[in-house]
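Dropping upload_16.cif in here (mmCIF, C-alpha atoms):
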data_structure
#
loop_
_atom_site.label_atom_id
_atom_site.label_comp_id
_atom_site.auth_asym_id
_atom_site.auth_seq_id
_atom_site.Cartn_x
_atom_site.Cartn_y
_atom_site.Cartn_z
CA ARG A 21 67.83 124.78 -23.20
CA ALA A 22 68.39 127.33 -25.94
CA GLU A 23 67.74 126.74 -29.63
CA TYR A 24 68.45 128.70 -32.77
CA ASN A 25 66.31 127.66 -35.74
CA ARG A 26 66.12 129.07 -39.26
CA LEU A 27 63.30 128.16 -41.65
CA MET A 28 63.92 128.99 -45.33
CA LEU A 29 61.37 128.32 -48.05
CA ASP A 30 61.35 129.24 -51.75
CA GLY A 31 58.30 128.13 -53.68
CA TYR A 32 55.13 129.17 -55.49
CA TYR A 33 51.47 129.37 -54.59
CA ASP A 34 50.87 129.12 -58.33
CA ALA A 35 52.81 129.80 -61.54
CA SER A 36 52.90 133.56 -60.93
CA THR A 37 52.85 133.93 -57.10
CA PRO A 38 56.19 133.18 -55.42
CA VAL A 39 56.61 132.33 -51.74
CA ASN A 40 59.82 133.37 -50.02
CA LYS A 41 60.36 132.82 -46.30
CA ASP A 42 63.46 133.27 -44.20
CA GLU A 43 62.60 133.13 -40.51
CA PRO A 44 65.47 132.82 -38.03
CA THR A 45 64.29 132.32 -34.43
CA PHE A 46 66.00 132.01 -31.07
CA ASN A 47 64.08 130.37 -28.22
CA LEU A 48 64.72 129.62 -24.56
CA PHE A 49 63.09 126.52 -23.06
CA PRO A 50 63.36 126.54 -19.26
CA SER A 51 62.47 123.40 -17.31
CA VAL A 52 62.30 122.39 -13.66
CA ASN A 53 62.16 118.90 -12.14
CA ILE A 54 61.74 118.45 -8.38
CA SER A 55 61.25 115.20 -6.46
CA TYR A 56 60.53 114.73 -2.75
CA ASN A 57 60.92 111.32 -1.09
CA LEU A 58 57.93 110.64 1.18
CA THR A 59 59.20 107.18 2.20
CA LYS A 60 61.77 104.71 0.89
CA LYS A 61 59.20 103.44 -1.62
CA SER A 62 57.16 106.52 -2.50
CA LEU A 63 57.81 110.06 -3.71
CA LEU A 64 56.25 113.19 -5.18
CA ARG A 65 57.44 114.74 -8.43
CA PHE A 66 56.82 118.20 -9.86
CA ALA A 67 57.85 119.13 -13.39
CA TYR A 68 57.57 122.23 -15.56
CA ALA A 69 58.84 122.53 -19.13
CA SER A 70 58.49 124.98 -22.00
CA THR A 71 58.50 123.17 -25.36
CA ILE A 72 57.87 123.91 -29.03
CA ASN A 73 56.26 122.21 -32.03
CA ARG A 74 57.66 123.50 -35.31
CA PRO A 75 55.85 122.93 -38.63
CA GLU A 76 57.21 120.17 -40.84
CA PHE A 77 58.27 120.99 -44.40
CA ARG A 78 55.20 119.31 -45.87
CA GLU A 79 53.03 121.47 -43.59
CA VAL A 80 54.50 124.79 -44.78
CA SER A 81 55.24 124.00 -48.44
CA PRO A 82 52.59 125.54 -50.74
CA LEU A 83 52.08 122.36 -52.74
CA SER A 84 49.44 119.65 -52.80
CA TYR A 85 50.13 115.95 -52.36
CA TYR A 86 47.76 113.02 -52.34
CA ASP A 87 47.31 111.10 -49.07
CA PHE A 88 46.60 107.53 -50.20
CA THR A 89 45.51 106.49 -46.69
CA GLU A 90 42.85 109.18 -46.27
CA LYS A 91 42.17 109.49 -50.04
CA ASN A 92 42.39 113.27 -49.94
CA SER A 93 44.65 116.00 -51.27
CA VAL A 94 46.68 117.79 -48.62
CA LYS A 95 48.18 121.24 -49.11
CA GLY A 96 50.76 123.01 -46.98
CA ASN A 97 50.35 126.48 -45.48
CA PRO A 98 53.39 128.82 -45.62
CA GLU A 99 51.78 131.11 -43.01
CA LEU A 100 52.03 128.53 -40.21
CA LYS A 101 53.59 129.67 -36.94
CA ASP A 102 55.51 127.67 -34.36
CA ALA A 103 53.32 126.17 -31.64
CA LYS A 104 54.57 126.80 -28.10
CA ILE A 105 53.54 124.67 -25.14
CA GLN A 106 53.77 125.18 -21.38
CA ASN A 107 53.71 121.87 -19.50
CA ILE A 108 53.06 121.27 -15.78
CA ASP A 109 52.97 117.81 -14.14
CA VAL A 110 52.47 116.68 -10.54
CA ARG A 111 52.96 112.95 -9.91
CA PHE A 112 52.78 110.56 -6.94
CA GLU A 113 54.87 107.40 -7.36
CA ASN A 114 54.98 104.24 -5.25
CA TYR A 115 57.20 101.17 -5.73
CA PRO A 116 55.89 98.25 -3.58
CA SER A 117 58.61 95.94 -4.97
CA PRO A 118 61.42 96.09 -7.56
CA THR A 119 59.00 94.84 -10.26
CA GLU A 120 55.83 96.72 -9.21
CA THR A 121 54.87 100.37 -9.67
CA PHE A 122 51.93 102.64 -8.99
CA SER A 123 51.70 106.28 -10.05
CA LEU A 124 48.98 108.91 -10.31
CA ALA A 125 49.64 112.18 -12.14
CA ALA A 126 47.80 115.40 -12.87
CA PHE A 127 48.94 117.39 -15.90
CA TYR A 128 48.21 120.73 -17.56
CA LYS A 129 49.29 121.96 -21.00
CA GLN A 130 48.76 125.43 -22.44
CA PHE A 131 49.23 125.73 -26.24
CA THR A 132 49.88 128.93 -28.17
CA ASN A 133 49.27 128.68 -31.94
CA PRO A 134 48.66 124.89 -32.00
CA ILE A 135 48.94 123.39 -35.49
CA GLU A 136 45.87 121.49 -36.68
CA MET A 137 44.83 119.63 -39.84
CA VAL A 138 41.66 121.27 -41.21
CA SER A 139 39.28 120.96 -44.15
CA VAL A 140 39.60 123.72 -46.78
CA GLY A 141 37.97 124.53 -50.12
CA ALA A 142 34.94 123.24 -51.95
CA GLY A 143 36.61 119.91 -52.62
CA SER A 144 37.07 119.27 -48.90
CA ASP A 145 40.84 119.11 -49.26
CA PHE A 146 43.00 119.10 -46.13
CA SER A 147 45.51 121.73 -45.01
CA PHE A 148 47.12 123.02 -41.82
CA GLN A 149 46.23 126.06 -39.71
CA ASN A 150 47.11 127.60 -36.37
CA ALA A 151 44.41 127.95 -33.76
CA VAL A 152 44.83 130.88 -31.37
CA GLY A 153 45.40 128.57 -28.43
CA ALA A 154 44.34 125.39 -26.68
CA THR A 155 44.27 123.85 -23.21
CA ASN A 156 44.75 120.21 -22.22
CA TYR A 157 44.52 118.91 -18.69
CA GLY A 158 43.70 115.62 -17.02
CA LEU A 159 44.78 112.63 -14.97
CA GLU A 160 47.02 109.67 -15.74
CA LEU A 161 47.14 106.36 -13.84
CA GLU A 162 49.93 103.81 -14.29
CA VAL A 163 50.08 100.44 -12.52
CA LYS A 164 52.31 97.38 -12.85
CA LYS A 165 51.42 94.53 -10.49
CA SER A 166 52.78 90.99 -10.05
CA LEU A 167 50.08 88.28 -10.17
CA GLU A 168 52.12 86.16 -7.77
CA THR A 169 51.19 88.47 -4.88
CA ILE A 170 47.49 88.40 -5.88
CA ILE A 171 46.65 84.86 -7.03
CA GLY A 172 49.98 83.02 -6.78
CA LEU A 173 50.84 83.01 -10.50
CA ARG A 174 54.63 83.22 -10.77
CA ASN A 175 56.30 85.12 -13.63
CA PHE A 176 53.03 86.84 -14.60
CA SER A 177 52.35 90.55 -14.22
CA LEU A 178 49.64 93.01 -15.20
CA GLY A 179 50.14 96.51 -16.55
CA LEU A 180 47.69 99.38 -16.88
CA ASN A 181 48.08 102.90 -18.20
CA ALA A 182 44.96 105.06 -18.41
CA SER A 183 44.50 108.78 -19.08
CA TYR A 184 41.52 111.09 -19.09
CA ILE A 185 42.09 114.35 -20.98
CA PHE A 186 39.96 117.47 -21.19
CA SER A 187 40.83 119.51 -24.26
CA GLU A 188 39.50 122.79 -25.63
CA VAL A 189 40.60 125.04 -28.50
CA GLU A 190 40.60 128.83 -28.27
CA PHE A 191 39.39 130.86 -31.27
CA ALA A 192 39.94 134.50 -32.21
CA ASN A 193 36.22 135.25 -31.84
CA SER A 194 35.12 133.26 -28.81
CA GLN A 195 31.50 134.39 -29.13
CA SER A 196 30.96 133.26 -32.72
CA GLU A 197 33.19 130.16 -32.79
CA ARG A 198 32.04 126.86 -31.29
CA SER A 199 33.87 124.97 -28.57
CA ARG A 200 35.64 121.75 -29.54
CA PRO A 201 38.62 119.56 -28.53
CA LEU A 202 42.07 119.94 -30.06
CA GLN A 203 42.44 118.10 -33.37
CA GLY A 204 43.99 114.68 -32.79
CA GLN A 205 43.32 114.64 -29.03
CA SER A 206 41.29 111.74 -27.61
CA PRO A 207 39.28 112.32 -24.40
CA PHE A 208 40.65 109.07 -22.95
CA VAL A 209 43.34 106.46 -23.63
CA VAL A 210 43.59 103.01 -22.02
CA ASN A 211 46.47 100.54 -22.41
CA ALA A 212 46.37 97.20 -20.57
CA SER A 213 48.87 94.36 -20.79
CA LEU A 214 49.54 90.87 -19.50
CA PHE A 215 53.24 89.89 -19.29
CA TYR A 216 55.00 86.55 -18.79
CA GLN A 217 58.74 86.54 -18.01
CA ASN A 218 60.71 83.37 -17.23
CA ASP A 219 64.45 84.01 -17.21
CA LYS A 220 65.32 80.35 -16.53
CA LEU A 221 63.56 79.23 -19.70
CA GLY A 222 64.59 82.35 -21.63
CA LEU A 223 60.92 82.83 -22.47
CA SER A 224 58.84 86.00 -22.42
CA SER A 225 55.44 86.91 -23.83
CA SER A 226 52.96 89.78 -23.79
CA LEU A 227 49.32 90.43 -24.64
CA MET A 228 48.58 94.14 -25.07
CA TYR A 229 45.24 95.94 -25.39
CA ASN A 230 44.56 99.54 -26.44
CA ILE A 231 41.53 101.76 -26.89
CA MET A 232 41.27 105.52 -27.48
CA GLY A 233 38.21 107.74 -27.32
CA LYS A 234 36.95 109.18 -30.59
CA ARG A 235 39.02 112.13 -31.77
CA ILE A 236 38.93 114.80 -34.44
CA MET A 237 41.02 113.58 -37.38
CA VAL A 238 40.40 116.74 -39.47
CA ALA A 239 38.91 119.92 -38.00
CA ALA A 240 35.94 121.66 -39.62
CA GLU A 241 36.13 124.45 -42.18
CA LEU A 242 34.50 127.56 -40.74
CA ASN A 243 33.27 130.87 -42.17
CA GLN A 244 32.60 133.50 -39.49
CA GLY A 245 31.73 130.81 -37.00
CA VAL A 246 29.46 128.89 -39.37
CA VAL A 247 30.49 125.30 -40.12
CA ILE A 248 30.98 124.83 -43.88
CA THR A 249 32.59 121.36 -43.77
CA PRO A 250 32.05 119.47 -40.48
CA ASP A 251 34.70 117.83 -38.33
CA ILE A 252 35.86 114.37 -39.39
CA TYR A 253 36.06 112.07 -36.36
CA GLU A 254 38.05 108.87 -36.01
CA LEU A 255 35.91 106.54 -33.88
CA SER A 256 37.13 104.24 -31.11
CA ARG A 257 38.37 100.76 -31.92
CA HIS A 258 39.75 97.90 -29.82
CA VAL A 259 43.32 96.82 -30.62
CA LEU A 260 44.94 93.62 -29.33
CA ASP A 261 48.61 92.68 -29.96
CA PHE A 262 50.48 89.49 -29.04
CA SER A 263 54.22 88.75 -28.96
CA ILE A 264 56.48 85.93 -27.76
CA ASN A 265 60.28 85.77 -27.43
CA LYS A 266 62.43 82.66 -26.86
CA LYS A 267 66.19 82.67 -26.40
CA MET A 268 68.05 79.82 -28.14
CA GLY A 269 71.39 79.63 -26.38
CA LYS A 270 73.63 82.67 -26.02
CA HIS A 271 73.52 84.05 -29.56
CA LEU A 272 70.09 83.28 -30.99
CA GLU A 273 66.61 84.55 -30.18
CA PHE A 274 63.26 83.67 -31.74
CA LYS A 275 60.56 86.36 -31.91
CA LEU A 276 56.97 86.15 -33.08
CA GLY A 277 54.45 88.99 -33.06
CA VAL A 278 50.88 89.39 -34.25
CA LYS A 279 49.43 92.91 -34.40
CA ASP A 280 45.78 93.90 -34.31
CA LEU A 281 44.35 90.44 -33.60
CA LEU A 282 40.77 91.78 -33.49
CA SER A 283 41.18 93.51 -36.86
CA GLN A 284 38.33 95.94 -36.29
CA ASN A 285 37.58 98.45 -39.03
CA VAL A 286 38.98 101.96 -38.81
CA VAL A 287 35.82 104.09 -38.98
CA THR A 288 35.70 107.82 -39.65
CA GLN A 289 32.52 109.86 -39.29
CA GLN A 290 31.48 113.23 -40.64
CA THR A 291 28.01 114.46 -39.68
CA TYR A 292 26.34 117.23 -41.66
#

I'd like the structure from this file rewritten - as structure tokens, please.
Amino acid sequence: RAEYNRLMLDGYYDASTPVNKDEPTFNLFPSVNISYNLTKKSLLRFAYASTINRPEFREVSPLSYYDFTEKNSVKGNPELKDAKIQNIDVRFENYPSPTETFSLAAFYKQFTNPIEMVSVGAGSDFSFQNAVGATNYGLELEVKKSLETIIGLRNFSLGLNASYIFSEVEFANSQSERSRPLQGQSPFVVNASLFYQNDKLGLSSSLMYNIMGKRIMVAAELNQGVVITPDIYELSRHVLDFSINKKMGKHLEFKLGVKDLLSQNVVTQQTY
């Protein structure tokens, strides 16, 4: 894939300091996907892709806006660079039946200039900065299994998706800067679900559970490796969603959904 992109920005840092940017870029994004059939029901996949994460307008505009969710002012950074990512995945897939799957994958991602939300200034406002680089790698497990083959329950199935991710940011001065995960990256993610599907009755339902490991919501403000404003972490919380669908004839369908049944508090933590 080839992309031409042009970022143009006219604005002001303040009343007397203009900001003018005109940055045309041309990028090539090669990718490779290879699969090898081990048996009729199992295969190996290998994938490589070069991708990009471009700053959004609010991230590069030199203006402040108030985030009513986080109750903080956020200011853009016109000096942001594009973040480039190299992605490698190796996956084993098995399909015991048309409705059942099992897969195990190992992945590796190398970031150049990743964009992170960081604390800046005495008022602990938020802004955006590029880190020098970052590395993510880990394992992902995905399973979908019919309960009929396990305990004889027809029309019921279980789903599981779980990932463990190791993440580390690279700094310009590796000796003075501390080691930490990439902003926004959880060390683990687990999604579990219970499904009911009855085509004769036109009835389907699902109960879905999610938990993520604590992650950095806003990265620390540093001065020569010394932490001025510590990282703000978003702590883990359990989330449970329920939905039910019922078809009423050929042209009508009834849907009901309840999100976040447990209604646990969203907790952020900043330790000085």

Counting all atoms listed in the file, closest pick from A:Glu273, A:Glu99, A:Glu162, A:Glu136 relative to A:Leu29 is A:Glu99

A:Ile236 surroundings by all atoms listed in the file, 6 Å radius, close-in-sequence under 2 positions cut, as an MDAnalysis selection string:
chainID A and resid 203:204 238 252:253

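Nearest to A:Leu83 of all the residues A:Phe191, A:Tyr32, A:Phe49, A:Tyr24 is A:Tyr32, counting all atoms listed in the file.
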
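Remark: for A:Pro50, the closest of the candidate residues A:Tyr33, A:Glu113, A:Arg26, A:Asn107 is A:Asn107 (distances computed over all atoms listed in the file).
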
So what do you get for atom CA of A:Glu241 versus atom CA of A:Val140, distance-wise?
5.8 Å

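For the structure in this document, the set picked by the PyMOL selection byres ((chain A and resi 251) around 10) is Val138, Ser139, Arg200, Gln203, Arg235, Ile236, Met237, Val238, Ala239, Ala240, Glu241, Val247, Ile248, Thr249, Pro250, Ile252, Tyr253, Glu254, Gln289, Gln290, Thr291 and Tyr292 of chain A.
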
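Nearest to A:Thr155 of all the residues A:Glu190, A:Ile170, A:Asn175, A:Thr119 is A:Glu190, based on all atoms listed in the file.
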
Can you tell me how far atom CA of A:Pro201 sits from atom CA of A:Gln130, in Å to one decimal?
13.2 Å

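For the set A:Pro207, A:Gly179, A:Gly172, A:Gly245, the residue with the smallest atom-to-atom gap to A:Ala192 is A:Gly245, counting only C-alpha atoms.
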
Would you list the contacts of A:Phe127 as JSON, numbers by chain, taking every protein, DNA or RNA residue within 7 Å and counting only C-alpha atoms, but skipping same-chain residues closer than 5 positions in sequence?
{"A": [108, 109, 110, 157, 158, 159]}

If we count all atoms listed in the file and set the cut-off at 12 Å, which residues sit around A:Thr59, ignoring sequence neighbours fewer than 2 positions away in its own chain? Please answer as a list in words.
Ser55, Tyr56, Asn57, Lys61, Ser62, Leu63, Leu64, Phe112, Glu113, Asn114, Tyr115 and Pro116 of chain A

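Once the PyMOL selection byres ((chain A and resi 78) around 10) is applied to the shown structure, the selection contains Pro75, Glu76, Phe77, Glu79, Val80, Ser81, Pro82, Leu83, Ser84, Tyr85, Val94, Lys95, Gly96, Asn97, Pro98 and Phe148 of chain A.
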
For this structure, which residues satisfy the selection - the PyMOL selection byres ((chain A and resi 264) around 7) - when it is evaluated on the file as given? I want them as a ChimeraX atom specification.
/A:224-226,263,265-266,275-277
